[in-house]
>>> print(open('structure_4.txt').read())   # compact mmCIF, C-alpha atoms
# COMPACT_ATOMS: atom_id res chain seq x y z
CA MET G 24 111.04 -6.94 259.47
CA LYS G 25 113.79 -8.08 261.87
CA LYS G 26 117.20 -8.70 260.32
CA ASN G 27 118.59 -12.20 260.66
CA ILE G 28 121.94 -12.01 262.40
CA SER G 29 124.60 -14.70 262.62
CA VAL G 30 127.70 -14.37 264.78
CA ILE G 31 131.10 -15.98 264.25
CA ILE G 32 133.46 -16.60 267.16
CA ASP G 33 136.86 -18.09 266.42
CA LYS G 34 139.12 -16.48 269.01
CA LYS G 35 139.51 -17.61 272.59
CA ILE G 36 139.02 -14.78 275.10
CA LYS G 37 142.14 -13.70 277.03
CA LYS G 38 142.24 -13.35 280.82
CA PHE G 39 140.41 -10.30 282.20
CA ASN G 40 139.79 -8.41 285.44
CA LYS G 41 136.78 -6.12 285.05
CA SER G 42 133.88 -4.47 286.85
CA ILE G 43 130.61 -4.39 284.87
CA LYS G 44 126.85 -3.93 285.14
CA VAL G 45 124.52 -6.24 283.21
CA THR G 46 121.12 -5.29 281.82
CA ALA G 47 118.04 -4.79 283.98
CA ASP G 48 116.00 -7.79 285.14
CA LYS G 49 113.41 -8.93 282.62
CA SER G 50 111.00 -10.50 285.15
CA LEU G 51 110.94 -7.33 287.26
CA SER G 52 110.64 -5.01 284.24
CA LEU G 53 107.58 -6.90 282.97
CA ARG G 54 105.93 -7.02 286.38
CA ALA G 55 106.59 -3.32 287.00
CA LEU G 56 104.80 -2.39 283.75
CA LEU G 57 101.86 -4.77 284.25
CA LEU G 58 101.28 -3.79 287.88
CA ALA G 59 101.66 -0.05 287.16
CA SER G 60 98.84 -0.42 284.61
CA GLN G 61 96.52 -1.55 287.45
CA CYS G 62 97.47 1.20 289.92
CA ILE G 63 95.81 4.58 290.38
CA GLY G 64 98.15 7.43 289.41
CA ILE G 65 101.46 7.85 287.59
CA SER G 66 104.13 5.23 288.37
CA SER G 67 107.75 5.94 287.46
CA ILE G 68 110.08 3.08 286.47
CA ARG G 69 113.83 3.63 286.24
CA ASN G 70 116.31 1.32 284.50
CA LEU G 71 113.56 -0.57 282.63
CA LEU G 72 115.03 -3.31 280.43
CA GLU G 73 114.60 -2.15 276.82
CA SER G 74 114.61 -5.64 275.32
CA GLU G 75 112.16 -6.88 272.71
CA ASP G 76 110.13 -8.87 275.27
CA VAL G 77 109.67 -5.83 277.51
CA LEU G 78 108.95 -3.44 274.63
CA ASN G 79 106.32 -5.87 273.28
CA CYS G 80 104.69 -5.90 276.73
CA LEU G 81 104.74 -2.09 276.74
CA LYS G 82 103.11 -1.98 273.26
CA ALA G 83 100.47 -4.52 274.37
CA LEU G 84 99.53 -2.26 277.31
CA LYS G 85 99.30 0.74 274.98
CA THR G 86 96.98 -1.30 272.73
CA LEU G 87 94.82 -1.74 275.84
CA GLY G 88 94.60 2.02 276.38
CA VAL G 89 97.36 2.49 278.95
CA LYS G 90 99.29 5.76 278.50
CA ILE G 91 103.06 5.19 278.82
CA GLU G 92 105.73 7.85 278.24
CA LYS G 93 109.52 7.94 278.42
CA LYS G 94 111.02 11.10 279.91
CA ASN G 95 114.70 11.52 280.89
CA ASN G 96 115.18 7.70 280.67
CA ILE G 97 112.30 7.17 283.14
CA TYR G 98 109.15 5.36 282.02
CA LEU G 99 105.91 6.93 283.29
CA VAL G 100 102.87 4.65 283.39
CA TYR G 101 99.52 6.43 283.79
CA GLY G 102 97.38 3.90 285.65
CA ASN G 103 93.60 4.14 286.03
CA GLY G 104 93.18 1.36 288.59
CA LEU G 105 92.07 -2.26 288.51
CA ASN G 106 90.29 -3.54 285.40
CA SER G 107 90.85 -0.20 283.61
CA PHE G 108 91.93 -1.45 280.18
CA LYS G 109 90.04 0.36 277.39
CA THR G 110 89.02 -1.41 274.18
CA LYS G 111 87.56 0.19 271.05
CA LYS G 112 86.73 -2.98 269.13
CA LYS G 113 84.74 -6.13 269.84
CA LEU G 114 87.98 -8.09 269.43
CA THR G 115 91.30 -6.49 270.46
CA LYS G 116 94.40 -7.96 268.81
CA ILE G 117 97.48 -8.15 271.05
CA PHE G 118 100.97 -9.15 269.85
CA VAL G 119 103.25 -10.58 272.57
CA GLY G 120 106.30 -11.35 270.40
CA ASN G 121 108.51 -14.02 272.01
CA SER G 122 107.47 -13.22 275.58
CA GLY G 123 105.82 -16.15 277.37
CA THR G 124 105.73 -14.06 280.55
CA THR G 125 103.75 -11.29 278.82
CA ALA G 126 101.35 -13.78 277.21
CA ARG G 127 100.66 -15.58 280.47
CA LEU G 128 100.62 -12.73 282.99
CA LEU G 129 98.62 -10.45 280.72
CA SER G 130 96.07 -13.27 280.30
CA GLY G 131 95.55 -13.06 284.06
CA LEU G 132 94.69 -9.36 283.84
CA LEU G 133 92.48 -9.84 280.74
CA SER G 134 90.52 -12.67 282.37
CA THR G 135 88.43 -10.23 284.44
CA HIS G 136 87.39 -8.02 281.46
CA SER G 137 84.15 -9.03 279.75
CA ASP G 138 85.67 -8.42 276.31
CA LYS G 139 87.37 -10.59 273.72
CA PHE G 140 91.13 -10.43 273.15
CA TYR G 141 93.08 -12.15 270.37
CA LEU G 142 96.58 -13.03 271.61
CA TYR G 143 99.32 -14.02 269.17
CA GLY G 144 103.10 -14.21 269.23
CA ASP G 145 106.06 -14.86 266.96
CA LYS G 146 106.84 -18.24 265.38
CA SER G 147 108.54 -19.57 268.55
CA MET G 148 105.94 -18.22 271.01
CA ASN G 149 103.06 -19.68 268.97
CA LYS G 150 104.41 -23.19 269.69
CA ARG G 151 104.53 -22.78 273.48
CA ASP G 152 102.07 -24.37 275.88
CA MET G 153 99.16 -22.19 277.00
CA SER G 154 97.14 -24.98 278.67
CA ARG G 155 98.73 -23.84 281.96
CA VAL G 156 96.94 -20.50 281.41
CA ILE G 157 93.67 -21.93 280.18
CA GLU G 158 93.03 -24.36 283.05
CA PRO G 159 93.17 -21.95 286.03
CA LEU G 160 91.40 -19.10 284.18
CA LYS G 161 88.56 -21.34 282.99
CA LYS G 162 87.98 -22.12 286.69
CA ILE G 163 87.22 -18.46 287.42
CA GLY G 164 84.78 -18.17 284.47
CA CYS G 165 86.96 -17.19 281.51
CA PHE G 166 86.55 -18.71 277.99
CA PHE G 167 89.17 -19.57 275.35
CA TYR G 168 88.69 -20.10 271.60
CA PRO G 169 89.14 -22.23 269.54
CA LYS G 170 88.17 -24.84 272.12
CA LYS G 171 90.69 -27.63 272.74
CA LYS G 172 93.54 -25.49 271.31
CA SER G 173 96.44 -25.02 273.74
CA THR G 174 98.84 -22.75 271.81
CA LEU G 175 98.67 -19.20 270.50
CA PRO G 176 96.96 -17.63 268.61
CA LEU G 177 94.04 -17.79 271.04
CA THR G 178 91.01 -15.65 271.79
CA ILE G 179 90.36 -14.95 275.48
CA GLU G 180 86.90 -13.92 276.57
CA GLY G 181 87.06 -12.50 280.06
CA THR G 182 84.30 -12.52 282.65
CA SER G 183 82.66 -9.64 284.51
CA MET G 184 81.82 -12.02 287.37
CA PRO G 185 85.07 -13.84 288.22
CA LEU G 186 84.85 -16.41 290.99
CA ALA G 187 87.51 -16.66 293.71
CA GLN G 188 88.91 -20.18 293.71
CA LYS G 189 91.42 -22.46 295.41
CA HIS G 190 94.24 -23.31 293.02
CA ILE G 191 97.06 -25.86 293.33
CA GLU G 192 100.31 -25.04 291.50
CA LYS G 193 102.44 -28.17 290.99
CA LYS G 194 104.74 -27.13 288.15
CA GLY G 195 106.99 -24.73 290.04
CA SER G 196 106.03 -22.07 287.49
CA SER G 197 106.13 -18.45 288.64
CA GLN G 198 104.22 -17.50 285.48
CA VAL G 199 101.24 -19.72 286.36
CA LYS G 200 101.26 -18.53 289.97
CA SER G 201 101.53 -14.87 288.89
CA LEU G 202 98.75 -15.02 286.28
CA ILE G 203 96.37 -16.40 288.96
CA ILE G 204 97.45 -13.64 291.37
CA LEU G 205 96.94 -10.92 288.72
CA SER G 206 93.52 -12.32 287.88
CA ALA G 207 92.69 -12.33 291.62
CA LEU G 208 93.40 -8.57 291.94
CA SER G 209 89.99 -7.81 290.35
CA THR G 210 88.15 -10.86 291.70
CA PRO G 211 85.87 -10.39 294.73
CA GLY G 212 86.67 -12.56 297.76
CA ILE G 213 89.80 -14.51 298.62
CA THR G 214 91.75 -16.43 295.98
CA SER G 215 94.21 -19.01 297.32
CA ILE G 216 97.12 -20.79 295.68
CA GLU G 217 98.80 -23.78 297.23
CA GLU G 218 102.30 -23.64 295.79
CA LYS G 219 103.71 -27.19 295.87
CA LYS G 220 107.08 -26.24 294.33
CA ILE G 221 108.60 -22.90 295.31
CA SER G 222 109.22 -20.62 292.31
CA ARG G 223 110.38 -17.01 291.96
CA ASN G 224 108.30 -14.72 294.15
CA HIS G 225 108.71 -11.30 292.51
CA THR G 226 104.96 -10.80 292.05
CA GLU G 227 104.20 -11.46 295.73
CA LEU G 228 107.03 -9.18 296.96
CA PHE G 229 105.99 -6.40 294.58
CA LEU G 230 102.33 -6.58 295.62
CA LYS G 231 103.26 -6.49 299.32
CA LYS G 232 105.25 -3.30 298.67
CA ILE G 233 102.30 -1.58 297.01
CA ASN G 234 99.96 -2.68 299.84
CA ALA G 235 97.88 -5.32 298.09
CA ASP G 236 95.96 -7.59 300.47
CA ILE G 237 98.27 -10.56 299.91
CA LYS G 238 99.58 -13.09 302.46
CA VAL G 239 102.17 -15.85 302.05
CA LYS G 240 102.19 -18.65 304.64
CA LYS G 241 104.93 -21.28 304.70
CA LEU G 242 103.71 -24.87 304.63
CA LYS G 243 105.63 -28.08 305.33
CA LYS G 244 106.07 -28.33 301.59
CA GLY G 245 105.66 -25.10 299.65
CA ASN G 246 103.57 -22.02 300.38
CA LEU G 247 99.94 -20.98 300.74
CA ILE G 248 99.32 -17.65 299.01
CA THR G 249 96.04 -15.81 299.63
CA LEU G 250 94.87 -12.58 298.03
CA ARG G 251 91.71 -10.59 298.75
CA GLY G 252 90.68 -8.92 295.51
CA GLN G 253 89.24 -5.52 294.55
CA LYS G 254 91.52 -3.47 296.82
CA ASN G 255 92.74 -0.28 295.11
CA LEU G 256 96.46 -0.09 294.40
CA TYR G 257 98.37 3.19 294.08
CA ALA G 258 101.23 4.40 291.89
CA PHE G 259 104.85 3.69 292.87
CA ASN G 260 108.43 4.75 292.09
CA TYR G 261 110.63 1.80 291.18
CA THR G 262 114.18 1.09 290.01
CA VAL G 263 114.81 -2.25 288.29
CA SER G 264 117.93 -4.11 289.49
CA SER G 265 120.18 -6.15 287.16
CA ASP G 266 119.17 -9.57 285.87
CA PRO G 267 120.83 -12.62 287.54
CA SER G 268 119.91 -14.76 284.51
CA SER G 269 121.86 -12.42 282.23
CA ALA G 270 124.73 -12.26 284.74
CA ALA G 271 124.94 -16.08 284.61
CA PHE G 272 126.58 -16.01 281.16
CA LEU G 273 129.32 -13.64 282.33
CA ILE G 274 129.81 -15.68 285.51
CA ALA G 275 130.30 -18.83 283.41
CA LEU G 276 132.74 -17.04 281.11
CA THR G 277 134.83 -15.95 284.11
CA LEU G 278 134.83 -19.40 285.76
CA LEU G 279 136.00 -21.03 282.51
CA THR G 280 138.66 -18.43 281.60
CA PRO G 281 141.93 -19.01 283.52
CA ASN G 282 143.26 -16.22 285.79
CA SER G 283 140.16 -14.04 285.37
CA LYS G 284 138.02 -12.00 287.75
CA LEU G 285 134.72 -10.18 287.29
CA LYS G 286 132.67 -7.90 289.54
CA ILE G 287 128.97 -7.55 288.54
CA LYS G 288 127.19 -4.72 290.34
CA ASN G 289 123.60 -4.24 291.50
CA VAL G 290 122.34 -7.76 290.68
CA ASN G 291 119.00 -9.06 291.92
CA CYS G 292 119.88 -11.80 294.45
CA ASN G 293 116.37 -12.92 295.39
CA SER G 294 116.68 -16.38 297.01
CA THR G 295 114.30 -17.84 294.37
CA ARG G 296 116.63 -16.66 291.58
CA ILE G 297 120.13 -17.63 292.71
CA GLY G 298 120.03 -21.41 292.49
CA PHE G 299 122.70 -21.04 289.79
CA LEU G 300 125.07 -19.34 292.25
CA LYS G 301 124.28 -21.86 295.03
CA ILE G 302 125.02 -24.85 292.80
CA LEU G 303 128.26 -23.39 291.49
CA LYS G 304 129.48 -22.26 294.90
CA ASP G 305 128.26 -25.07 297.19
CA LYS G 306 128.43 -28.07 294.84
CA MET G 307 130.95 -27.28 292.09
CA ASN G 308 133.73 -25.49 294.00
CA ALA G 309 133.27 -22.11 292.23
CA ASN G 310 134.93 -19.02 293.71
CA ILE G 311 131.90 -16.73 293.97
CA LYS G 312 131.07 -14.14 296.63
CA VAL G 313 128.05 -11.84 297.01
CA LYS G 314 128.91 -8.48 298.60
CA ASN G 315 127.22 -5.14 299.44
CA ILE G 316 123.87 -6.86 300.04
CA LYS G 317 120.87 -4.54 300.52
CA LYS G 318 117.07 -4.59 300.26
CA VAL G 319 115.45 -2.63 297.43
CA PHE G 320 111.62 -2.63 297.20
CA GLY G 321 111.49 -5.98 298.99
CA GLU G 322 114.14 -7.56 296.74
CA THR G 323 117.69 -8.54 297.80
CA VAL G 324 120.32 -6.82 295.64
CA GLY G 325 124.11 -7.31 295.75
CA THR G 326 127.44 -7.28 293.93
CA ILE G 327 128.63 -10.65 292.59
CA VAL G 328 132.40 -11.21 292.56
CA VAL G 329 133.57 -14.26 290.61
CA LYS G 330 137.04 -15.70 289.90
CA SER G 331 138.09 -18.48 287.51
CA SER G 332 137.88 -21.83 289.30
CA SER G 333 138.71 -25.51 289.06
CA LEU G 334 135.21 -27.00 289.02
CA LYS G 335 133.73 -30.35 290.07
CA PRO G 336 130.88 -32.25 288.31
CA ILE G 337 127.40 -31.87 289.78
CA LYS G 338 124.39 -33.93 290.80
CA CYS G 339 121.80 -31.15 290.67
CA PRO G 340 119.28 -31.25 293.58
CA LYS G 341 115.66 -31.32 292.35
CA LYS G 342 114.63 -28.72 294.93
CA LEU G 343 116.88 -26.09 293.31
CA VAL G 344 115.46 -26.58 289.80
CA PRO G 345 112.79 -23.80 289.93
CA SER G 346 115.39 -21.27 291.15
CA LEU G 347 117.70 -21.79 288.15
CA ILE G 348 115.22 -22.62 285.41
CA ASP G 349 116.63 -19.94 283.07
CA GLU G 350 120.26 -20.83 283.74
CA PHE G 351 120.26 -24.53 282.80
CA CYS G 352 121.59 -24.03 279.25
CA ILE G 353 124.72 -22.26 280.48
CA LEU G 354 125.02 -24.72 283.40
CA PHE G 355 125.02 -27.56 280.83
CA ILE G 356 127.93 -25.82 279.06
CA ILE G 357 129.85 -25.59 282.34
CA ALA G 358 129.13 -29.30 283.04
CA ALA G 359 130.30 -30.27 279.53
CA LEU G 360 133.66 -28.55 280.18
CA THR G 361 134.07 -29.98 283.70
CA LYS G 362 135.69 -33.41 284.04
CA GLY G 363 133.29 -36.13 285.23
CA LEU G 364 129.60 -37.05 285.09
CA SER G 365 127.01 -34.35 285.86
CA LYS G 366 123.36 -35.33 286.44
CA PHE G 367 120.24 -33.16 286.23
CA THR G 368 116.77 -34.46 287.17
CA GLY G 369 113.31 -32.90 287.52
CA ILE G 370 113.98 -30.61 284.54
CA ASN G 371 111.00 -31.37 282.24
CA GLU G 372 109.99 -27.67 282.41
CA LEU G 373 112.94 -27.03 280.04
CA ARG G 374 111.02 -28.82 277.29
CA HIS G 375 108.37 -26.04 277.41
CA LYS G 376 110.55 -22.94 277.18
CA GLU G 377 111.35 -20.92 274.00
CA SER G 378 112.48 -24.27 272.59
CA ASP G 379 112.96 -27.81 273.92
CA ARG G 380 116.21 -26.88 275.64
CA ILE G 381 117.21 -30.42 276.62
CA LYS G 382 116.84 -31.67 273.04
CA ASN G 383 118.53 -28.66 271.43
CA MET G 384 121.54 -28.61 273.76
CA GLU G 385 121.98 -32.38 273.32
CA MET G 386 122.01 -32.08 269.53
CA VAL G 387 125.04 -29.77 269.63
CA PHE G 388 126.81 -31.81 272.33
CA LYS G 389 126.54 -34.79 269.98
CA LYS G 390 128.06 -32.71 267.15
CA ILE G 391 131.10 -31.75 269.22
CA GLY G 392 131.67 -35.17 270.79
CA ILE G 393 130.30 -34.64 274.32
CA LYS G 394 128.44 -37.78 275.45
CA THR G 395 124.97 -37.29 276.97
CA LYS G 396 121.98 -39.41 278.05
CA SER G 397 118.49 -38.05 278.55
CA THR G 398 114.90 -38.86 279.44
CA TYR G 399 111.87 -36.54 279.29
CA ASP G 400 112.79 -35.29 282.78
CA SER G 401 116.58 -35.69 283.04
CA LEU G 402 119.97 -35.16 281.41
CA GLU G 403 123.39 -36.68 282.07
CA ILE G 404 126.51 -34.99 280.68
CA TYR G 405 129.90 -36.68 280.54
CA GLY G 406 132.15 -33.64 280.87
CA ASN G 407 135.42 -33.34 278.96
CA PRO G 408 137.48 -30.16 279.50
CA ASN G 409 140.12 -31.33 277.00
CA ILE G 410 137.79 -31.69 274.05
CA LYS G 411 139.40 -30.82 270.69
CA ILE G 412 137.15 -29.67 267.84
CA LYS G 413 138.78 -29.23 264.45
CA LYS G 414 135.92 -28.29 262.13
CA GLU G 415 133.61 -25.23 262.22
CA ILE G 416 130.46 -25.81 264.24
CA ASN G 417 127.16 -24.42 262.95
CA ILE G 418 124.60 -23.82 265.69
CA PHE G 419 120.95 -23.00 265.14
CA SER G 420 119.46 -21.17 268.13
CA ASN G 421 115.86 -22.24 267.30
CA TYR G 422 114.97 -18.64 268.21
CA ASP G 423 115.96 -19.34 271.82
CA HIS G 424 118.04 -16.51 273.31
CA ARG G 425 119.54 -18.61 276.11
CA ILE G 426 120.74 -21.33 273.73
CA ALA G 427 122.36 -18.69 271.49
CA MET G 428 124.20 -17.01 274.39
CA SER G 429 125.27 -20.32 275.97
CA TRP G 430 127.03 -21.46 272.80
CA ALA G 431 128.64 -18.03 272.44
CA ILE G 432 130.23 -18.52 275.88
CA PHE G 433 131.35 -22.02 274.87
CA ALA G 434 133.01 -20.61 271.74
CA LEU G 435 134.79 -17.88 273.72
CA VAL G 436 136.53 -20.39 276.00
CA GLN G 437 137.43 -22.99 273.32
CA GLU G 438 139.86 -23.08 270.39
CA VAL G 439 137.08 -23.55 267.83
CA ARG G 440 135.28 -21.62 265.08
CA VAL G 441 131.58 -21.41 265.85
CA LYS G 442 128.81 -19.84 263.77
CA ILE G 443 125.54 -19.19 265.65
CA HIS G 444 122.51 -18.48 263.45
CA ASN G 445 119.54 -16.24 264.37
CA PHE G 446 121.52 -14.49 267.08
CA GLU G 447 119.04 -11.57 266.89
CA THR G 448 116.88 -13.61 269.29
CA VAL G 449 119.24 -12.47 272.10
CA ASN G 450 117.57 -9.03 271.88
CA THR G 451 114.50 -10.50 273.62
CA SER G 452 116.35 -10.46 276.96
CA PHE G 453 119.93 -9.12 276.70
CA PRO G 454 120.23 -6.50 273.94
CA ASN G 455 123.77 -5.40 274.89
CA PHE G 456 125.21 -8.92 275.27
CA ILE G 457 127.68 -8.52 272.38
CA SER G 458 128.88 -5.04 273.42
CA LEU G 459 129.39 -6.23 277.02
CA ILE G 460 131.39 -9.29 275.87
CA LYS G 461 133.52 -6.99 273.70
CA SER G 462 134.11 -4.67 276.68
CA ILE G 463 135.87 -7.49 278.57
CA GLY G 464 137.95 -8.54 275.57
CA GLY G 465 135.81 -11.03 273.64
CA VAL G 466 135.87 -10.98 269.83
CA ILE G 467 132.53 -11.55 268.09
CA GLU G 468 131.99 -11.02 264.36
CA ILE G 469 128.46 -10.06 263.28
CA LYS G 470 127.01 -11.13 259.92
CA LYS G 471 123.68 -9.57 258.85
CA LYS G 472 121.46 -11.12 256.19
>>> encode(input="structure_4.txt", output="structure tokens")
Amino acid sequence: MKKNISVIIDKKIKKFNKSIKVTADKSLSLRALLLASQCIGISSIRNLLESEDVLNCLKALKTLGVKIEKKNNIYLVYGNGLNSFKTKKKLTKIFVGNSGTTARLLSGLLSTHSDKFYLYGDKSMNKRDMSRVIEPLKKIGCFFYPKKKSTLPLTIEGTSMPLAQKHIEKKGSSQVKSLIILSALSTPGITSIEEKKISRNHTELFLKKINADIKVKKLKKGNLITLRGQKNLYAFNYTVSSDPSSAAFLIALTLLTPNSKLKIKNVNCNSTRIGFLKILKDKMNANIKVKNIKKVFGETVGTIVVKSSSLKPIKCPKKLVPSLIDEFCILFIIAALTKGLSKFTGINELRHKESDRIKNMEMVFKKIGIKTKSTYDSLEIYGNPNIKIKKEINIFSNYDHRIAMSWAIFALVQEVRVKIHNFETVNTSFPNFISLIKSIGGVIEIKKK
């Protein structure tokens, strides 16, 4: 059983000037494993993120008969081609932990197997919406039980005769888009997705690199993605770059700590992932530069250099929302400590993440005296950089890693004692968060239950 961990932060971080590397990208690590399982031959993956989400994905693939080994810090995935999962029982039980990406993308691959699979997650994952999985996969001939249930646990019954369909993706969800694409790999004919809101495109870039029959055409609004299924894919060698969503916390810490500078190396700078940097740099007056830019396996990778800055409040453009969906919690912290009114609209997707992030961030803002207003789809924050908090603040992460880390950054830049409960949830995406913070001078006390 996982130990419950609380952290206490009661010391403000001192100025720093450091060069660091953050953990590997979670989205790319998960996609590398899932796609390697569908290739013919042995794929090698370097710098795989060894977080709970990724390790749960790896265990799920092993449950489905995929041989995976670790040798000299390189993960070897022995793929047997499309639709090659092996099942020994009539109903295969698969645990996805807290990983919504694993649950959703893996559902895409399972949808073309004529077997039954019982998917279940942890307490937090079992509350998250799966209707976005059920609707497109029912269209191709897949069944879900119990009927009318839209959260895990769920039983998926795949089909041996999947039908290529035209799908419309309106949510700006890369997970929905990717699960349809992964399902299409084993579906005869051409599957098309009209992407109304652009979201991260790692799956498409990856598949192009391994010669899948995939095309992306720009439309006036969005993209048209087409994929011809049943083309064999072959093993690859891949190195995972660093996660921009993890880097976001260190960027925020630097911006909010006077006279500080940080260099973060080898970060994935895919244009669909750096909305956070664009907003800070172009709209909030942040001193951020991206250097040493190169292409690695279709992805843009660079070094982010950030210096502490005097920031301005923000009216966040709706069009950037999908490209910073994982960074909103820490952006809300920055807005709360920046003088003036910041407005965020088109953010209802945040209500369907590991927790309702709008509601949970607002609850703590209220506790500490930061005024906010919200609707289902928006949040206004009245920033106050001179806020004074005299009593200890208790924060419950609601098993949401990004909420836990965001309040840790807040505590490190304020004169306040903060206790964050269930901090172990950070291991789902950023297992060395505490050690990295300590390496640049932050003081975090760990309490185990």
>>> atom_distance(input="structure_4.txt", atom1="CA of Lys411 in chain G", atom2="CA of Gln437 in chain G")
8.5 Å
>>> residues_near_point(input="structure_4.txt", point="(131.1, -26.9, 289.6)", cutoff="9 Å", atoms="only C-alpha atoms", output="VMD selection string")
chain G and resid 302 to 309 332 to 337 354 357 to 358 361
>>> atom_distance(input="structure_4.txt", atom1="CA of Val156 in chain G", atom2="CA of Lys111 in chain G")
25.0 Å
>>> closest_atom_pairs(input="structure_4.txt", of="range 334-442 of chain G", to="range 283-299 of chain G", cutoff="12 Å", atoms="only C-alpha atoms", output="tab-separated table")
residue	atom	partner	partner_atom	distance
G:Ile337	CA	G:Phe299	CA	11.8
G:Cys339	CA	G:Gly298	CA	10.1
G:Pro340	CA	G:Gly298	CA	9.9
G:Lys341	CA	G:Gly298	CA	10.8
G:Lys342	CA	G:Gly298	CA	9.4
G:Leu343	CA	G:Gly298	CA	5.7
G:Val344	CA	G:Gly298	CA	7.4
G:Pro345	CA	G:Thr295	CA	7.6
G:Ser346	CA	G:Arg296	CA	4.8
G:Leu347	CA	G:Gly298	CA	4.9
G:Ile348	CA	G:Gly298	CA	8.6
G:Asp349	CA	G:Arg296	CA	9.1
G:Glu350	CA	G:Phe299	CA	6.5
G:Phe351	CA	G:Phe299	CA	8.2
G:Cys352	CA	G:Phe299	CA	11.0
G:Ile353	CA	G:Phe299	CA	9.6
G:Leu354	CA	G:Phe299	CA	7.7
G:Phe355	CA	G:Phe299	CA	11.3
G:Ile357	CA	G:Phe299	CA	11.3
G:Val436	CA	G:Ser283	CA	11.9
>>> atom_distance(input="structure_4.txt", atom1="CA of Ala235 in chain G", atom2="CA of Tyr98 in chain G")
22.3 Å
>>> decode(input="structure_4.txt", residues="range 261-275 of chain G", atoms="C-alpha atoms", output="compact mmCIF listing (two decimals), in the first residue's frame")
# COMPACT_ATOMS: atom_id res chain seq x y z
CA TYR G 261 13.61 6.64 -29.20
CA THR G 262 14.84 9.05 -26.54
CA VAL G 263 12.20 10.88 -24.48
CA SER G 264 12.81 14.63 -24.05
CA SER G 265 12.00 16.53 -20.82
CA ASP G 266 8.44 17.43 -19.86
CA PRO G 267 7.39 21.10 -20.40
CA SER G 268 4.50 20.60 -17.94
CA SER G 269 6.96 19.62 -15.21
CA ALA G 270 9.30 22.47 -16.21
CA ALA G 271 6.39 24.91 -15.72
CA PHE G 272 6.65 24.66 -11.91
CA LEU G 273 10.35 25.53 -11.93
CA ILE G 274 9.73 28.36 -14.41
CA ALA G 275 7.07 29.82 -12.09
